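Asks: What follows is run29.tsv; its format and atoms are TSV, C-alpha atoms.
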```tsv
chain	number	residue	atom	x	y	z
A	15	MET	CA	0.00	0.00	0.00
A	16	PRO	CA	1.53	3.38	-0.94
A	17	ALA	CA	2.58	5.59	1.95
A	18	GLU	CA	0.29	8.62	2.27
A	19	GLU	CA	3.24	10.81	3.07
A	20	ILE	CA	6.91	10.08	3.30
A	21	VAL	CA	7.93	12.98	5.51
A	22	THR	CA	5.59	12.79	8.45
A	23	PRO	CA	5.29	15.69	10.94
A	24	GLU	CA	7.39	13.64	13.38
A	25	ILE	CA	10.17	13.25	10.81
A	26	ARG	CA	9.96	16.92	9.79
A	27	ALA	CA	10.36	17.93	13.43
A	28	MET	CA	13.72	16.15	13.51
A	29	ILE	CA	15.36	18.64	11.12
A	30	GLY	CA	18.18	20.35	13.00
A	31	ASN	CA	18.62	17.50	15.46
A	32	GLU	CA	22.14	16.48	16.44
A	33	SER	CA	23.39	13.23	17.86
A	34	ALA	CA	25.45	13.05	20.99
A	35	PRO	CA	29.17	12.82	20.18
A	36	ARG	CA	30.18	9.21	19.58
A	37	GLN	CA	33.79	8.24	20.19
A	38	ALA	CA	35.83	5.76	18.25
A	39	VAL	CA	36.37	2.52	20.11
A	40	ASP	CA	40.15	2.94	19.94
A	41	LYS	CA	42.56	5.78	19.51
A	42	VAL	CA	44.25	5.85	16.10
A	43	THR	CA	47.05	3.28	16.00
A	44	THR	CA	49.87	2.61	13.56
A	45	SER	CA	48.43	-0.88	12.98
A	46	GLU	CA	45.05	0.49	11.92
A	47	VAL	CA	46.69	3.05	9.66
A	48	ARG	CA	48.83	0.36	8.05
A	49	ARG	CA	45.81	-1.85	7.39
A	50	TRP	CA	43.85	1.09	5.94
A	51	VAL	CA	46.72	2.13	3.66
A	52	THR	CA	47.23	-1.45	2.47
A	53	ALA	CA	43.53	-1.93	1.85
A	54	THR	CA	43.21	1.26	-0.19
A	55	LEU	CA	46.22	0.30	-2.35
A	56	ASP	CA	48.02	3.48	-1.33
A	57	ASP	CA	51.75	3.75	-2.10
A	58	SER	CA	52.43	7.15	-0.54
A	59	PRO	CA	55.53	7.17	1.69
A	60	LEU	CA	53.79	9.73	3.88
A	61	TRP	CA	52.21	6.90	5.85
A	62	TYR	CA	55.38	4.89	6.55
A	63	ASP	CA	58.60	6.82	5.80
A	64	GLN	CA	59.43	9.12	8.69
A	65	ASP	CA	62.20	10.96	6.81
A	66	TYR	CA	59.85	11.65	3.93
A	67	ALA	CA	56.99	12.65	6.24
A	68	ASN	CA	59.23	15.04	8.14
A	69	GLN	CA	60.05	16.83	4.91
A	70	THR	CA	56.35	17.58	4.36
A	71	ARG	CA	54.24	20.06	6.28
A	72	PHE	CA	52.21	17.15	7.66
A	73	GLY	CA	54.97	15.45	9.66
A	74	THR	CA	54.91	11.85	10.89
A	75	GLY	CA	52.05	9.82	12.32
A	76	CYS	CA	49.30	10.90	9.92
A	77	ALA	CA	46.40	8.74	8.77
A	78	PRO	CA	44.67	9.21	5.38
A	79	GLY	CA	41.94	11.82	5.07
A	80	PRO	CA	38.87	9.53	4.90
A	81	PHE	CA	40.10	7.40	7.84
A	82	PRO	CA	37.74	8.96	10.44
A	83	MET	CA	34.66	7.78	8.51
A	84	ARG	CA	35.42	4.18	9.39
A	85	ALA	CA	37.13	4.82	12.73
A	86	VAL	CA	33.75	5.64	14.26
A	87	GLY	CA	31.13	3.29	13.02
A	88	HIS	CA	28.50	0.70	13.71
A	89	TRP	CA	30.89	-2.16	13.11
A	90	LYS	CA	33.66	-1.66	15.65
A	91	ARG	CA	32.71	-3.13	19.00
A	92	ALA	CA	34.28	-2.05	22.26
A	93	LEU	CA	35.60	-4.97	24.28
A	94	GLY	CA	33.32	-5.82	27.16
A	95	THR	CA	30.15	-4.83	25.27
A	96	PRO	CA	27.48	-7.18	23.85
A	97	ASP	CA	28.48	-8.77	20.54
A	98	PRO	CA	25.55	-8.90	18.07
A	99	VAL	CA	27.63	-10.87	15.53
A	100	ARG	CA	27.52	-13.93	17.81
A	101	GLU	CA	23.73	-13.90	17.63
A	102	LEU	CA	23.52	-14.01	13.83
A	103	ASP	CA	21.89	-17.02	12.19
A	104	PHE	CA	23.40	-18.70	9.12
A	105	ASP	CA	21.47	-16.60	6.61
A	106	ASP	CA	21.54	-13.32	8.50
A	107	ASP	CA	23.27	-10.24	7.19
A	108	PHE	CA	25.00	-7.62	9.32
A	109	ARG	CA	24.17	-4.89	6.84
A	110	TYR	CA	23.81	-1.94	9.16
A	111	GLY	CA	26.27	-2.97	11.85
A	112	ASP	CA	25.18	-2.64	15.44
A	113	GLU	CA	22.00	-0.59	15.18
A	114	SER	CA	21.79	-0.31	18.95
A	115	LEU	CA	24.44	2.40	18.53
A	116	ASP	CA	22.03	4.63	16.59
A	117	ASP	CA	21.16	7.86	18.36
A	118	PRO	CA	17.35	8.28	18.41
A	119	ALA	CA	17.78	12.03	17.96
A	120	VAL	CA	18.80	11.46	14.33
A	121	LYS	CA	17.48	7.96	13.59
A	122	ILE	CA	14.60	8.37	11.13
A	123	HIS	CA	11.82	5.81	11.27
A	124	TRP	CA	10.27	5.97	7.80
A	125	PRO	CA	6.64	4.97	7.28
A	126	GLU	CA	5.88	1.39	6.31
A	127	GLY	CA	6.83	0.72	2.68
A	128	VAL	CA	9.41	3.51	2.47
A	129	GLY	CA	13.07	2.64	1.99
A	130	ALA	CA	16.13	4.87	2.33
A	131	PHE	CA	19.20	4.66	0.09
A	132	HIS	CA	22.58	6.32	0.17
A	133	ALA	CA	22.70	8.71	-2.78
A	134	GLY	CA	26.17	10.19	-2.51
A	135	ASN	CA	28.31	12.30	-0.30
A	136	GLU	CA	30.71	15.21	-0.45
A	137	VAL	CA	33.52	15.27	2.06
A	138	GLU	CA	35.44	18.34	3.11
A	139	TYR	CA	38.93	17.64	4.41
A	140	PHE	CA	40.69	19.97	6.84
A	141	GLN	CA	43.43	17.93	8.48
A	142	PHE	CA	44.64	14.38	8.89
A	143	PRO	CA	43.98	12.28	11.96
A	144	ARG	CA	47.16	11.36	13.78
A	145	VAL	CA	48.28	8.28	15.64
A	146	GLY	CA	47.03	8.65	19.21
A	147	ASP	CA	44.03	10.80	18.24
A	148	GLN	CA	40.68	10.05	19.85
A	149	ILE	CA	38.22	10.62	17.00
A	150	SER	CA	34.57	11.52	17.62
A	151	VAL	CA	31.63	12.19	15.34
A	152	VAL	CA	28.46	14.22	15.66
A	153	GLU	CA	25.66	13.52	13.19
A	154	LYS	CA	23.40	16.43	12.26
A	155	LEU	CA	20.12	16.20	10.34
A	156	VAL	CA	20.53	19.33	8.23
A	157	ASP	CA	17.47	19.27	5.99
A	158	ILE	CA	14.84	17.11	4.36
A	159	GLU	CA	13.49	18.10	0.94
A	160	GLU	CA	10.21	16.65	-0.28
A	161	LYS	CA	9.97	16.01	-4.00
A	162	VAL	CA	7.94	14.11	-6.54
A	163	GLY	CA	10.01	11.92	-8.84
A	164	ARG	CA	9.13	9.60	-11.72
A	165	SER	CA	8.37	6.83	-9.29
A	166	GLY	CA	6.32	8.97	-6.93
A	167	LYS	CA	7.00	10.87	-3.75
A	168	LEU	CA	10.46	10.97	-2.34
A	169	ALA	CA	12.47	12.71	0.32
A	170	VAL	CA	16.06	13.92	-0.01
A	171	VAL	CA	17.77	13.84	3.37
A	172	HIS	CA	20.89	15.91	4.02
A	173	VAL	CA	23.01	14.73	6.93
A	174	ASP	CA	26.34	16.16	8.10
A	175	TYR	CA	28.82	14.01	9.97
A	176	ILE	CA	31.36	16.20	11.74
A	177	PHE	CA	34.52	14.36	12.79
A	178	THR	CA	36.81	15.90	15.39
A	179	ASN	CA	39.86	14.92	17.40
A	180	GLN	CA	40.28	15.06	21.17
A	181	ASP	CA	41.07	18.79	20.99
A	182	GLY	CA	37.86	19.58	19.12
A	183	ASP	CA	39.69	20.25	15.85
A	184	VAL	CA	37.48	19.42	12.87
A	185	LEU	CA	39.22	16.79	10.76
A	186	ILE	CA	36.58	16.30	8.08
A	187	VAL	CA	32.90	16.98	7.43
A	188	ASN	CA	30.97	14.39	5.45
A	189	HIS	CA	27.90	15.91	3.79
A	190	GLY	CA	25.79	12.84	3.11
A	191	THR	CA	22.66	12.60	1.00
A	192	ASN	CA	20.09	9.83	1.36
A	193	ILE	CA	16.93	9.34	-0.67
A	194	ALA	CA	13.80	7.82	0.85
A	195	ARG	CA	11.00	6.67	-1.40
A	196	GLU	CA	8.16	4.21	-1.64
A	197	MET	CA	9.39	0.74	-2.42
A	198	PRO	CA	7.88	-2.35	-4.09
A	199	GLY	CA	6.15	-4.71	-1.68
A	200	ASP	CA	8.90	-7.32	-1.23
A	201	TRP	CA	11.89	-4.98	-1.15
A	202	ARG	CA	12.62	-5.54	2.51
A	203	GLU	CA	13.28	-9.22	1.86
A	204	LYS	CA	15.20	-8.62	-1.35
A	205	ARG	CA	17.29	-5.54	-0.90
A	206	ALA	CA	18.24	-2.79	1.47
A	207	GLY	CA	21.19	-0.52	1.77
A	208	ALA	CA	21.52	2.91	3.30
A	209	ARG	CA	24.98	2.30	4.69
A	210	GLY	CA	28.11	0.61	3.56
B	497	MET	CA	53.28	11.83	-10.67
B	498	ALA	CA	52.37	14.67	-8.39
B	499	VAL	CA	51.42	18.12	-9.63
B	500	HIS	CA	53.49	20.88	-8.05
B	501	TYR	CA	52.02	24.22	-9.05
B	502	TYR	CA	48.65	25.62	-10.00
B	503	GLU	CA	50.13	27.16	-13.13
B	504	ASP	CA	51.06	23.69	-14.40
B	505	LEU	CA	47.40	22.84	-15.01
B	506	ALA	CA	44.94	24.06	-17.63
B	507	VAL	CA	41.23	23.44	-18.05
B	508	GLY	CA	40.83	20.22	-19.99
B	509	ASP	CA	44.04	18.63	-18.68
B	510	GLU	CA	43.61	15.02	-17.71
B	511	ILE	CA	44.81	13.22	-14.61
B	512	PRO	CA	47.00	10.20	-15.43
B	513	THR	CA	44.78	7.14	-15.30
B	514	VAL	CA	45.34	4.32	-12.79
B	515	THR	CA	44.05	0.82	-13.45
B	516	GLN	CA	43.31	-1.87	-10.87
B	517	LYS	CA	41.64	-5.28	-11.05
B	518	LEU	CA	38.91	-5.67	-8.46
B	519	THR	CA	39.19	-9.09	-6.87
B	520	ILE	CA	37.62	-10.72	-3.84
B	521	PRO	CA	40.92	-10.51	-1.88
B	522	VAL	CA	41.16	-6.78	-2.63
B	523	MET	CA	37.55	-6.29	-1.53
B	524	GLN	CA	37.92	-8.50	1.52
B	525	ARG	CA	41.01	-6.67	2.73
B	526	TRP	CA	38.97	-3.47	2.76
B	527	VAL	CA	36.21	-5.17	4.72
B	528	ALA	CA	38.76	-6.49	7.23
B	529	SER	CA	40.39	-3.10	7.58
B	530	SER	CA	37.16	-1.18	8.06
B	531	GLU	CA	35.31	-4.01	9.89
B	532	THR	CA	32.23	-3.45	7.74
B	533	LEU	CA	30.63	-6.87	7.75
B	534	ARG	CA	27.70	-6.45	5.37
B	535	ARG	CA	27.84	-9.62	3.39
B	536	ASP	CA	27.30	-8.37	-0.14
B	537	HIS	CA	30.74	-6.73	0.06
B	538	TYR	CA	32.60	-10.05	0.27
B	539	ASP	CA	30.17	-12.97	0.06
B	540	ALA	CA	29.27	-13.61	-3.59
B	541	LYS	CA	26.91	-16.50	-2.80
B	542	PHE	CA	24.96	-14.37	-0.37
B	543	ALA	CA	24.85	-11.43	-2.80
B	544	ILE	CA	23.47	-13.65	-5.56
B	545	GLU	CA	21.04	-15.75	-3.56
B	546	HIS	CA	19.88	-13.21	-0.98
B	547	ASP	CA	20.28	-9.82	-2.60
B	548	ASN	CA	19.49	-10.89	-6.18
B	549	ILE	CA	22.55	-9.14	-7.57
B	550	PRO	CA	25.03	-10.73	-9.98
B	551	ASN	CA	27.99	-10.93	-7.60
B	552	ALA	CA	29.53	-9.36	-4.51
B	553	VAL	CA	29.68	-5.57	-4.83
B	554	MET	CA	32.39	-3.03	-4.08
B	555	SER	CA	31.66	-1.05	-0.95
B	556	GLY	CA	30.91	2.64	-1.47
B	557	SER	CA	33.23	3.55	1.38
B	558	PHE	CA	35.99	1.57	-0.33
B	559	SER	CA	35.60	3.40	-3.63
B	560	GLN	CA	35.55	6.67	-1.69
B	561	ALA	CA	38.79	5.88	0.17
B	562	TYR	CA	40.41	4.56	-3.01
B	563	ILE	CA	39.52	7.65	-5.04
B	564	TRP	CA	40.78	9.91	-2.25
B	565	GLN	CA	44.20	8.25	-2.14
B	566	LEU	CA	44.60	8.41	-5.92
B	567	LEU	CA	43.66	12.08	-5.86
B	568	PHE	CA	45.91	12.86	-2.90
B	569	ASN	CA	48.88	11.16	-4.50
B	570	TRP	CA	48.28	13.01	-7.75
B	571	VAL	CA	48.04	16.36	-5.96
B	572	GLY	CA	51.24	15.68	-4.05
B	573	PRO	CA	52.45	16.73	-0.60
B	574	ASP	CA	52.44	20.46	-1.37
B	575	GLY	CA	48.74	20.53	-2.23
B	576	TRP	CA	45.52	19.57	-0.51
B	577	VAL	CA	42.37	17.67	-1.44
B	578	LEU	CA	39.73	20.02	-0.08
B	579	LYS	CA	36.49	18.43	-1.27
B	580	ALA	CA	35.57	15.18	-2.95
B	581	PHE	CA	32.14	14.02	-4.05
B	582	GLN	CA	31.26	10.61	-5.36
B	583	LYS	CA	28.14	8.72	-6.28
B	584	ASN	CA	27.80	4.98	-6.63
B	585	ALA	CA	25.93	5.02	-9.93
B	586	LYS	CA	26.52	1.42	-10.92
B	587	MET	CA	27.52	-1.68	-8.99
B	588	VAL	CA	31.15	-2.71	-9.30
B	589	HIS	CA	31.86	-6.42	-8.97
B	590	PRO	CA	34.92	-8.67	-8.63
B	591	GLY	CA	36.12	-9.27	-12.16
B	592	ASN	CA	35.70	-5.63	-13.11
B	593	THR	CA	38.80	-3.61	-13.93
B	594	LEU	CA	38.68	-0.13	-12.46
B	595	THR	CA	40.21	2.82	-14.23
B	596	PHE	CA	40.56	6.01	-12.22
B	597	PHE	CA	40.29	9.05	-14.47
B	598	GLY	CA	39.76	12.77	-14.15
B	599	SER	CA	40.06	16.11	-15.88
B	600	VAL	CA	40.29	19.77	-14.94
B	601	THR	CA	36.96	21.58	-15.40
B	602	ASP	CA	37.82	24.94	-13.83
B	603	LYS	CA	40.61	26.75	-12.04
B	604	TYR	CA	40.80	30.02	-10.13
B	605	GLU	CA	42.93	31.94	-7.67
B	606	LYS	CA	41.68	32.77	-4.19
B	607	ASN	CA	43.66	34.32	-1.33
B	608	GLY	CA	46.93	33.61	-3.06
B	609	LEU	CA	46.19	29.92	-3.60
B	610	GLY	CA	45.23	27.97	-6.72
B	611	TYR	CA	41.91	26.15	-6.68
B	612	VAL	CA	41.30	23.44	-9.27
B	613	GLU	CA	37.94	21.80	-9.96
B	614	LEU	CA	37.94	18.28	-11.34
B	615	GLU	CA	35.51	15.79	-12.76
B	616	LEU	CA	36.68	12.29	-12.01
B	617	GLY	CA	35.57	8.79	-11.30
B	618	LEU	CA	36.04	5.08	-11.68
B	619	ARG	CA	35.33	3.61	-15.10
B	620	ILE	CA	34.93	-0.10	-15.75
B	621	GLU	CA	35.99	-2.09	-18.77
B	622	ASP	CA	32.74	-1.60	-20.74
B	623	GLY	CA	33.47	2.14	-20.74
B	624	SER	CA	30.74	3.08	-18.30
B	625	VAL	CA	31.45	5.32	-15.32
B	626	ALA	CA	30.41	3.27	-12.32
B	627	VAL	CA	31.47	5.84	-9.74
B	628	PRO	CA	31.27	9.41	-11.02
B	629	GLY	CA	32.62	12.19	-8.86
B	630	ARG	CA	34.09	15.64	-8.64
B	631	ALA	CA	36.68	17.27	-6.43
B	632	THR	CA	38.25	20.56	-5.46
B	633	VAL	CA	41.98	20.56	-4.86
B	634	VAL	CA	44.22	23.42	-3.74
B	635	LEU	CA	47.73	23.93	-5.09
B	636	PRO	CA	50.47	26.45	-4.37
B	637	MET	CA	51.17	29.11	-6.97
B	638	ARG	CA	54.67	29.72	-8.29
B	639	ASP	CA	56.25	32.37	-6.06
B	640	GLY	CA	53.17	32.18	-3.85
B	641	ARG	CA	52.63	31.09	-0.27
B	642	PRO	CA	52.47	27.44	0.76
B	643	VAL	CA	49.08	25.79	1.04
B	644	PRO	CA	48.33	26.05	4.77
B	645	TYR	CA	47.97	23.01	6.96
B	646	PRO	CA	45.59	22.39	8.65
B	647	PHE	CA	43.57	23.74	5.76
B	648	VAL	CA	40.88	26.18	6.81
B	649	PRO	CA	39.20	27.78	3.76
```
Spell out the structure here as C-alpha cells.
Replies:
Amino acid sequence: MPAEEIVTPEIRAMIGNESAPRQAVDKVTTSEVRRWVTATLDDSPLWYDQDYANQTRFGTGCAPGPFPMRAVGHWKRALGTPDPVRELDFDDDFRYGDESLDDPAVKIHWPEGVGAFHAGNEVEYFQFPRVGDQISVVEKLVDIEEKVGRSGKLAVVHVDYIFTNQDGDVLIVNHGTNIAREMPGDWREKRAGARG
Amino acid sequence: MAVHYYEDLAVGDEIPTVTQKLTIPVMQRWVASSETLRRDHYDAKFAIEHDNIPNAVMSGSFSQAYIWQLLFNWVGPDGWVLKAFQKNAKMVHPGNTLTFFGSVTDKYEKNGLGYVELELGLRIEDGSVAVPGRATVVLPMRDGRPVPYPFVP
C-alpha cells in the first residue's frame, strides 16, 4: 500500500537534530593506519617513511583523510560490550552494523513501505587524523526536501557528519545525502542498503 | 606523478589514469580493515542468492577511500584535497577492472592559492562510469605562499 506521506510531521520535526558525540572505540594506532593504507592500495611514503613525512608540512604519524569515517562506526565493537555478531543465524546479514548504537535524535523511522538509500556524499577535508588521536563524530540532520520523482513521492535527506579529534579540531565533514521513497512490496526481503 | 604548481594545469588537462583489477581478496582486505561486515561486500553466494545481484559488490566507502588516495597522491604533498564528491551510480563487482580518471573543469585563484575543480571517477571495462565524482583541490602558486595546513578555507 503506498505511503500517504513520506515525511511525516514527526520526521519533519527532527530537522536540525544532532546526535550526541560518539567516540571511536580505539585511539588511532599505527596498525590500523597500516591496514587502511594497504587496503586502499596506497603507495604514498607519507604513511610509513618518517624521513619523507618530516620533509612535508604534515609530519609523521598521519592517517589518510577519509580514515575517520570508518574509525567511528557501527561495526567496531568495544571490548566488554554485547556482541551482536555472535547472535547471527546462518542466513543473516550484518548490513547496518550494530543498530543499537544509533542515536534516536537522528534515527529516522520511515513509514511502512518507504526505503532509504545512500545517494552520494561530499567530504570536506581539513586535516589528517594522527596516531594517538581520539576521534569523535556528531551527526546532524541538516534538511529534508520533499519532492515528486518519476516513481512517486520521495524525500532527499541531508546529513552532516562532523569528525573531530580530542582537541575539538574538525578533521573532516561528510555531507551525506540519502533518498527515501516508496518501495515495491517485497523490497525488505530482497534488498536494502543505506549504509556501507 | 604529483602536480606541483597551480600554473602547471589548464582546463581540460587530464589526470593520469590508474588501473586496478577488483578481486575478492582486494575487496575483503577493505572489509577487514574497516570491519564493515555487510555480506554483499565479500560474500558472492549471499549477494546472488539473498540480494538478487550478480555478484559481490564493491563497498561505497571503499571506492571513496580509493579515489581519495589516488587524488591525494596526484596532488602531491604540497597541495591539498579540499572536497571530494562521489556517487555509486553502478555496482562494481569482482572481475571488473577499475580505471581512475579525471580532468580539470575549472581553475581560479583565491587568497593567493590555486583552486582546481575536477571531474573524475572510476570507469569499468565496458566504458561506463560506475562511480562518477568531482573534487576541489588546492595547489600552491609559483612564487606564492604554501598551502596552509591544517587547511581552513
Asks: Could you list, with a cut-off of 12 Å and counting all atoms listed in the file, the residues of region 79-177 of chain A near region 580-604 of chain B, each shown with its nearest atom pair and the distance in Å rounded to one decimal, rows sorted by chain and ascending number, as a Markdown table?
Replies:
```
| residue | atom | partner | partner_atom | distance |
| --- | --- | --- | --- | --- |
| A:Gly79 | CA | B:Ala580 | CA | 10.8 |
| A:Pro80 | CA | B:Ala580 | CA | 10.2 |
| A:Phe131 | CA | B:Asn584 | CA | 10.9 |
| A:His132 | CA | B:Asn584 | CA | 8.7 |
| A:Ala133 | CA | B:Lys583 | CA | 6.5 |
| A:Gly134 | CA | B:Lys583 | CA | 4.5 |
| A:Asn135 | CA | B:Phe581 | CA | 5.6 |
| A:Glu136 | CA | B:Phe581 | CA | 4.1 |
| A:Val137 | CA | B:Ala580 | CA | 5.4 |
| A:Glu138 | CA | B:Ala580 | CA | 6.8 |
| A:Tyr139 | CA | B:Ala580 | CA | 8.5 |
```
Asks: To one decimal place, how far is CA of Ala543 (chain B) from CA of Lys121 (chain A) in Å?
Replies: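 Here the two named atoms are 26.4 Å from each other.
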Asks: I need the chain B residues near chain A as a ChimeraX atom specification; criterion: at most 6 Å, counting only C-alpha atoms.
Replies: /B:525-526,529-535,547,555,561-562,578-583,646-647
Asks: Between A:Val42, A:Phe177, A:Glu196, A:Ile20, which residue has the minimum interatomic distance to Arg164 (chain A), considering only C-alpha atoms?
Replies: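 Smallest distance to Arg164 (chain A) is found for A:Glu196.
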Asks: Could you jot down the CA of Ala194 (chain A) to CA of Ile25 (chain A) separation for me, Å, one decimal place?
Replies: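 Between CA of Ala194 (chain A) and CA of Ile25 (chain A) the gap works out to 11.9 Å.
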Asks: Hey, could you pull the box centre and edge lengths for region 109-128 of chain A, axis-aligned, 4 Å padding per side, all listed atoms, to one decimal in Å, as JSON?
Replies:
```
{"center_x": 16.1, "center_y": 3.6, "center_z": 10.7, "size_x": 28.4, "size_y": 24.9, "size_z": 24.5}
```
Asks: Here is a test: counting all atoms listed in the file, which residue of A:Glu32, A:Pro118, A:Arg26, A:Val151 is nearest to Val171 (chain A)?
Replies: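 Going through A:Glu32, A:Pro118, A:Arg26, A:Val151 one by one, the smallest distance to Val171 (chain A) is for A:Arg26.
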Asks: Can you work out which one of A:Pro82, A:Ala27, A:Lys41, A:Pro96 has the shortest atom-to-atom distance to Ser557 (chain B), counting only C-alpha atoms?
Replies: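 The answer is A:Pro82, which sits nearest to Ser557 (chain B).
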Asks: Please compute the CA of Ala540 (chain B)-CA of Val553 (chain B) distance, one decimal, in Å.
Replies: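 Computing it gives 8.1 Å between the two atoms.
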Asks: Pick out the closest residue to Glu153 (chain A) from this set: A:Asp103, A:Asp116, A:Asp97, A:Asp181. Count all atoms listed in the file.
Replies: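 Answer, going by the shortest atom-to-atom distance: A:Asp116.
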Asks: Counting all atoms listed in the file, which of A:Ser165, A:Ser150, A:Met28, A:Leu102 gets nearest to Ile122 (chain A)?
Replies: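 Result for the nearest residue to Ile122 (chain A): A:Met28.
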Asks: Determine the nearest neighbour of Gly556 (chain B) from the options B:Val514, B:Leu505, B:Leu609, B:Ala626, counting all atoms listed in the file.
Replies: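 Ranked by minimum distance to Gly556 (chain B), first place goes to B:Ala626.
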Asks: Taking (9.3, 18.0, 1.2) in the coordinates of the supplied file, I want to know which residues reach to within 12 Å of it, counting all atoms listed in the file; could you give the answer as a list in words?
Replies: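 Output of the proximity query reads Glu19, Ile20, Val21, Thr22, Pro23, Ile25, Arg26, Ile29, Asp157, Ile158, Glu159, Glu160, Lys161, Val162, Gly163, Lys167, Leu168, Ala169, Val170, Val171, Ile193, Ala194 and Arg195 of chain A.
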Asks: Only C-alpha atoms, please: the residues just picked out, written as a PDB file, in the frame of the given file.
Replies:
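The resulting file, selection18.pdb, is reproduced below:
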```pdb
ATOM      1  CA  GLU A  19       3.240  10.810   3.070  1.00  0.00           C
ATOM      2  CA  ILE A  20       6.910  10.080   3.300  1.00  0.00           C
ATOM      3  CA  VAL A  21       7.930  12.980   5.510  1.00  0.00           C
ATOM      4  CA  THR A  22       5.590  12.790   8.450  1.00  0.00           C
ATOM      5  CA  PRO A  23       5.290  15.690  10.940  1.00  0.00           C
ATOM      6  CA  ILE A  25      10.170  13.250  10.810  1.00  0.00           C
ATOM      7  CA  ARG A  26       9.960  16.920   9.790  1.00  0.00           C
ATOM      8  CA  ILE A  29      15.360  18.640  11.120  1.00  0.00           C
ATOM      9  CA  ASP A 157      17.470  19.270   5.990  1.00  0.00           C
ATOM     10  CA  ILE A 158      14.840  17.110   4.360  1.00  0.00           C
ATOM     11  CA  GLU A 159      13.490  18.100   0.940  1.00  0.00           C
ATOM     12  CA  GLU A 160      10.210  16.650  -0.280  1.00  0.00           C
ATOM     13  CA  LYS A 161       9.970  16.010  -4.000  1.00  0.00           C
ATOM     14  CA  VAL A 162       7.940  14.110  -6.540  1.00  0.00           C
ATOM     15  CA  GLY A 163      10.010  11.920  -8.840  1.00  0.00           C
ATOM     16  CA  LYS A 167       7.000  10.870  -3.750  1.00  0.00           C
ATOM     17  CA  LEU A 168      10.460  10.970  -2.340  1.00  0.00           C
ATOM     18  CA  ALA A 169      12.470  12.710   0.320  1.00  0.00           C
ATOM     19  CA  VAL A 170      16.060  13.920  -0.010  1.00  0.00           C
ATOM     20  CA  VAL A 171      17.770  13.840   3.370  1.00  0.00           C
ATOM     21  CA  ILE A 193      16.930   9.340  -0.670  1.00  0.00           C
ATOM     22  CA  ALA A 194      13.800   7.820   0.850  1.00  0.00           C
ATOM     23  CA  ARG A 195      11.000   6.670  -1.400  1.00  0.00           C
TER      24      ARG A 195
END
```
